[in-house]
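File shown here: input_26.cif, holding mmCIF, C-alpha atoms.
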```
data_coords
#
loop_
_atom_site.label_atom_id
_atom_site.label_comp_id
_atom_site.auth_asym_id
_atom_site.auth_seq_id
_atom_site.Cartn_x
_atom_site.Cartn_y
_atom_site.Cartn_z
CA MET L 670 0.00 0.00 0.00
CA GLN L 671 2.95 2.30 0.55
CA GLU L 672 3.64 2.18 -3.20
CA LEU L 673 0.24 3.82 -3.73
CA TYR L 674 0.73 6.55 -1.13
CA GLY L 675 1.87 9.11 -3.70
CA PRO L 676 -0.52 11.24 -5.73
CA GLY L 677 -2.67 9.85 -8.53
CA ARG L 678 -3.49 6.38 -9.74
CA ARG L 679 -1.17 3.64 -10.85
CA SER L 680 -1.80 0.91 -13.37
CA THR L 681 -1.73 -2.65 -12.10
CA VAL L 682 1.17 -3.31 -14.50
CA GLU L 683 3.22 -0.40 -13.08
CA LEU L 684 2.41 -1.35 -9.50
CA GLY L 685 3.26 -5.00 -10.17
CA GLN L 686 6.64 -4.00 -11.63
CA MET L 687 7.38 -1.85 -8.58
CA MET L 688 6.59 -4.79 -6.30
CA GLY L 689 8.24 -7.48 -8.42
CA MET L 690 4.92 -9.19 -9.20
CA SER L 691 3.07 -10.00 -12.40
CA LYS L 692 -0.13 -8.13 -13.21
CA GLU L 693 -2.10 -11.34 -12.71
CA ALA L 694 -0.61 -12.07 -9.28
CA LEU L 695 -1.15 -8.48 -8.17
CA SER L 696 -4.78 -8.51 -9.33
CA LYS L 697 -5.42 -11.70 -7.38
CA LEU L 698 -3.93 -10.07 -4.28
CA ILE L 699 -5.61 -6.68 -4.63
CA ARG L 700 -9.20 -7.77 -5.08
CA PRO L 701 -9.77 -10.08 -2.11
CA VAL L 702 -7.37 -8.44 0.31
CA VAL L 703 -7.34 -4.69 -0.06
CA VAL L 704 -10.30 -3.72 -2.26
CA LYS L 705 -12.87 -5.68 -0.24
CA LYS L 706 -11.50 -4.24 3.00
CA GLY L 707 -11.76 -0.69 1.64
CA TYR L 708 -8.06 0.24 1.53
CA VAL L 709 -7.71 0.46 -2.26
CA ALA L 710 -10.10 1.20 -5.11
CA LYS L 711 -9.71 -0.31 -8.57
CA GLU L 712 -11.28 0.86 -11.82
CA VAL L 713 -11.12 -0.58 -15.33
CA GLN L 714 -11.03 2.09 -18.05
CA GLU L 715 -14.07 2.10 -20.34
CA HIS L 716 -12.07 2.91 -23.48
CA ASP L 717 -9.38 0.26 -22.80
CA ARG L 718 -10.42 -2.65 -20.57
CA ARG L 719 -6.81 -3.86 -20.41
CA PHE L 720 -5.92 -0.88 -18.21
CA SER L 721 -7.03 -0.83 -14.62
CA GLY L 722 -6.04 1.95 -12.27
CA VAL L 723 -5.64 1.48 -8.53
CA TRP L 724 -5.43 4.11 -5.81
CA LEU L 725 -5.71 4.41 -2.05
CA THR L 726 -9.08 5.26 -0.61
CA LYS L 727 -9.37 7.76 2.23
CA HIS L 728 -9.35 4.82 4.65
CA GLY L 729 -6.22 3.40 2.97
CA ARG L 730 -4.42 6.77 3.17
CA THR L 731 -5.19 6.93 6.88
CA CYS L 732 -3.81 3.43 7.49
CA VAL L 733 -0.52 3.67 5.54
CA PRO L 734 1.42 5.75 8.14
CA LEU L 735 0.26 3.42 10.92
CA ILE L 736 1.25 0.31 8.93
CA ALA L 737 4.61 1.88 8.03
CA SER L 738 5.42 2.64 11.67
CA LYS L 739 4.51 -0.91 12.72
CA GLU L 740 6.67 -2.29 9.91
CA LYS L 741 9.59 -0.14 11.03
CA SER L 742 9.18 -1.30 14.64
CA ALA L 743 9.06 -4.94 13.55
CA ASP L 744 12.22 -4.47 11.44
CA ARG L 745 14.05 -2.90 14.39
CA ALA L 746 12.98 -5.71 16.73
CA PHE L 747 14.04 -8.40 14.25
CA PHE L 748 17.20 -6.89 12.77
CA GLY L 749 18.30 -4.76 15.74
CA PRO L 750 20.21 -7.56 17.53
CA LEU L 751 22.21 -8.35 14.39
CA LYS L 752 25.66 -6.78 14.19
CA GLY L 753 27.70 -5.59 11.21
CA SER L 754 27.27 -7.69 8.07
CA GLY L 755 24.52 -9.75 9.70
CA ARG L 756 22.06 -6.98 8.92
#
```
Spell out the structure here as structure tokens.
Amino acid sequence: MQELYGPGRRSTVELGQMMGMSKEALSKLIRPVVVKKGYVAKEVQEHDRRFSGVWLTKHGRTCVPLIASKEKSADRAFFGPLKGSGR
């Protein structure tokens, strides 16, 4: 969801490339997980059904900073004890 935090919409192809996923895998993840829970909205373009744009909803934008801080805390707890090249 952090990849969508910037302004505007992203295509599922662009977002998949940013995350190292295929468009198909990303679509399977987006629909049941984040669209149904109200974090992300997805729209297929009328003039070109191959293009679908995704963007954060207001609820998703509210949650991203909270998720990011929890992710950072988890990283610190997990990787913090490692020294030098172990990180």
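In this model, the gap between atom CA of Ser696 of chain L and atom CA of Thr726 of chain L comes to 16.9 Å.
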Given the PyMOL selection byres ((chain L and resi 724) around 10), the residues it picks as a PyMOL selection string: chain L and resi 670+672-681+704+708-712+722-723+725-727+729-730
With C-alpha atoms retained, write the just-selected residues as a CSV table (one decimal), in the coordinates of the input.
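Below you can see selection28.csv, which holds the result:
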```csv
chain,number,residue,atom,x,y,z
L,670,MET,CA,0.0,0.0,0.0
L,672,GLU,CA,3.6,2.2,-3.2
L,673,LEU,CA,0.2,3.8,-3.7
L,674,TYR,CA,0.7,6.6,-1.1
L,675,GLY,CA,1.9,9.1,-3.7
L,676,PRO,CA,-0.5,11.2,-5.7
L,677,GLY,CA,-2.7,9.8,-8.5
L,678,ARG,CA,-3.5,6.4,-9.7
L,679,ARG,CA,-1.2,3.6,-10.8
L,680,SER,CA,-1.8,0.9,-13.4
L,681,THR,CA,-1.7,-2.6,-12.1
L,704,VAL,CA,-10.3,-3.7,-2.3
L,708,TYR,CA,-8.1,0.2,1.5
L,709,VAL,CA,-7.7,0.5,-2.3
L,710,ALA,CA,-10.1,1.2,-5.1
L,711,LYS,CA,-9.7,-0.3,-8.6
L,712,GLU,CA,-11.3,0.9,-11.8
L,722,GLY,CA,-6.0,2.0,-12.3
L,723,VAL,CA,-5.6,1.5,-8.5
L,725,LEU,CA,-5.7,4.4,-2.0
L,726,THR,CA,-9.1,5.3,-0.6
L,727,LYS,CA,-9.4,7.8,2.2
L,729,GLY,CA,-6.2,3.4,3.0
L,730,ARG,CA,-4.4,6.8,3.2
```
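Between atom CA of Val703 of chain L and atom CA of Glu740 of chain L there is a distance of 17.4 Å.
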Interatomic distance, atom CA of Lys741 of chain L to atom CA of Ser691 of chain L (Å, one decimal): 26.2 Å
Taking only C-alpha atoms, show segment 707-726 of chain L of the given structure as a PDB file, in the first residue's frame.
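Output saved as selection_39.pdb:
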```pdb
ATOM      1  CA  GLY L 707     -11.761  -0.689   1.637  1.00  0.00           C
ATOM      2  CA  TYR L 708      -8.063   0.243   1.528  1.00  0.00           C
ATOM      3  CA  VAL L 709      -7.714   0.458  -2.259  1.00  0.00           C
ATOM      4  CA  ALA L 710     -10.105   1.198  -5.115  1.00  0.00           C
ATOM      5  CA  LYS L 711      -9.705  -0.306  -8.575  1.00  0.00           C
ATOM      6  CA  GLU L 712     -11.275   0.858 -11.822  1.00  0.00           C
ATOM      7  CA  VAL L 713     -11.119  -0.580 -15.335  1.00  0.00           C
ATOM      8  CA  GLN L 714     -11.028   2.087 -18.055  1.00  0.00           C
ATOM      9  CA  GLU L 715     -14.069   2.100 -20.339  1.00  0.00           C
ATOM     10  CA  HIS L 716     -12.069   2.908 -23.476  1.00  0.00           C
ATOM     11  CA  ASP L 717      -9.378   0.255 -22.797  1.00  0.00           C
ATOM     12  CA  ARG L 718     -10.417  -2.647 -20.568  1.00  0.00           C
ATOM     13  CA  ARG L 719      -6.810  -3.855 -20.414  1.00  0.00           C
ATOM     14  CA  PHE L 720      -5.919  -0.875 -18.212  1.00  0.00           C
ATOM     15  CA  SER L 721      -7.028  -0.826 -14.619  1.00  0.00           C
ATOM     16  CA  GLY L 722      -6.039   1.946 -12.269  1.00  0.00           C
ATOM     17  CA  VAL L 723      -5.643   1.483  -8.533  1.00  0.00           C
ATOM     18  CA  TRP L 724      -5.432   4.109  -5.806  1.00  0.00           C
ATOM     19  CA  LEU L 725      -5.710   4.407  -2.055  1.00  0.00           C
ATOM     20  CA  THR L 726      -9.085   5.258  -0.609  1.00  0.00           C
TER      21      THR L 726
END
```
